[in-house]
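Colleague: Provided herewith is a single structure, encoded as structure tokens, for subsequent inquiry.
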Amino acid sequence: MSTSIALPGQDAWVPPVAKLRTAARRKVVKWVSIAVLLAAAALWSYLASFEIVVRFIVAAGAAVEMFEAFRARRYAVAAVFGGLALLYNPVAPLFSFSGGWQRALVVASAVPFVASLAWRNYEEGTE
């Protein structure tokens, strides 16, 4: 059963309840990504055995946000989250979690997720 109705020449109508569910899911993705990044920075010395898990969660969260930003026509935001998805790519890692600057990079990577929590009307692309 479809939750949207599309008339010819018009965008699909989505019930308000479905929009709330989608917004709640996106917020959960953001909070999980933030928590994983900050936990990785806090537990830096124990991170080696969980590096692939951190990379996968952050890359997946960044990919979800990138696609949502494209949908909302926020291309600069999509580019930022696309960069994060490439940076934390678990298949071909660009850096290892081993040094001081990498720790700073992990903390700084949480900033776009935190900033995206503050954006209003994210799905419409307006502020």
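Quick note on naming: the chains in the structure tokens go A, B, ... in the order shown, residues restart at 1 in each chain, and ligands are numbered from 1 in order of appearance.
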Please build the interface table for region 13-78 of chain A against region 94-114 of chain A with a cut-off of 8 Å, listing for each qualifying residue the nearest atom pair and the distance in Å to one decimal; count only C-alpha atoms, order rows by chain and increasing number, and write it as a Markdown table.
Modeller:
| residue | atom | partner | partner_atom | distance |
| --- | --- | --- | --- | --- |
| A:Lys30 | CA | A:Phe113 | CA | 5.7 |
| A:Trp31 | CA | A:Phe113 | CA | 7.8 |
| A:Ser33 | CA | A:Phe113 | CA | 7.3 |
| A:Ile34 | CA | A:Ala110 | CA | 5.4 |
| A:Leu37 | CA | A:Val106 | CA | 6.0 |
| A:Leu38 | CA | A:Val107 | CA | 6.2 |
| A:Ala40 | CA | A:Val106 | CA | 7.5 |
| A:Ala41 | CA | A:Arg103 | CA | 5.8 |
| A:Trp44 | CA | A:Arg103 | CA | 7.4 |
| A:Leu47 | CA | A:Phe97 | CA | 7.3 |
| A:Ala48 | CA | A:Phe97 | CA | 7.0 |
| A:Glu51 | CA | A:Phe97 | CA | 7.2 |
Colleague: Smallest atom-to-atom distance to Ala92 (chain A): which of A:Val28, A:Arg74, A:Ile52, A:Met66, using only C-alpha atoms?
Modeller: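 Going through A:Val28, A:Arg74, A:Ile52, A:Met66 one by one, the smallest distance to Ala92 (chain A) is for A:Ile52.
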Colleague: Please, what distance in Å, to one decimal, runs between CA of Tyr46 (chain A) and CA of Val64 (chain A)?
Modeller: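 So the two atoms, CA of Tyr46 (chain A) and CA of Val64 (chain A), lie 27.3 Å apart.
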Colleague: Pick the closest to Arg25 (chain A) from A:Arg55, A:Phe50, A:Ala42, A:Glu68: which is it, counting only C-alpha atoms?
Modeller: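 Ranking A:Arg55, A:Phe50, A:Ala42, A:Glu68 by distance to Arg25 (chain A), first place goes to A:Glu68.
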Colleague: Show me, as a PyMOL selection string, the residues that have an atom within 7 Å of Ala62 (chain A) when counting only C-alpha atoms, minus same-chain residues fewer than 4 positions from it.
Modeller: chain A and resi 58+66+81-82+84-85
Colleague: Could you work out how far CA of Gly83 (chain A) lies from CA of Ala39 (chain A), giving the answer in Å with one decimal?
Modeller: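 Here the two named atoms are 20.9 Å from each other.
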Colleague: Could you write out, as a list in words, all the residues of region 87-120 of chain A that DSSP marks as helix (DSSP H, G or I)?
Modeller: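 Answer for region 87-120 of chain A, restricted to helix (DSSP H, G or I): Leu87, Gly100, Trp101, Gln102, Arg103, Ala104, Leu105, Val106, Val107, Ala108, Ser109, Ala110, Val111, Pro112, Phe113, Val114, Ala115, Ser116, Leu117 and Ala118 of chain A.
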Colleague: Between CA of Val54 (chain A) and CA of Tyr88 (chain A), what is the distance, to one decimal in Å?
Modeller: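 About the pair CA of Val54 (chain A) and CA of Tyr88 (chain A): they are 8.3 Å apart.
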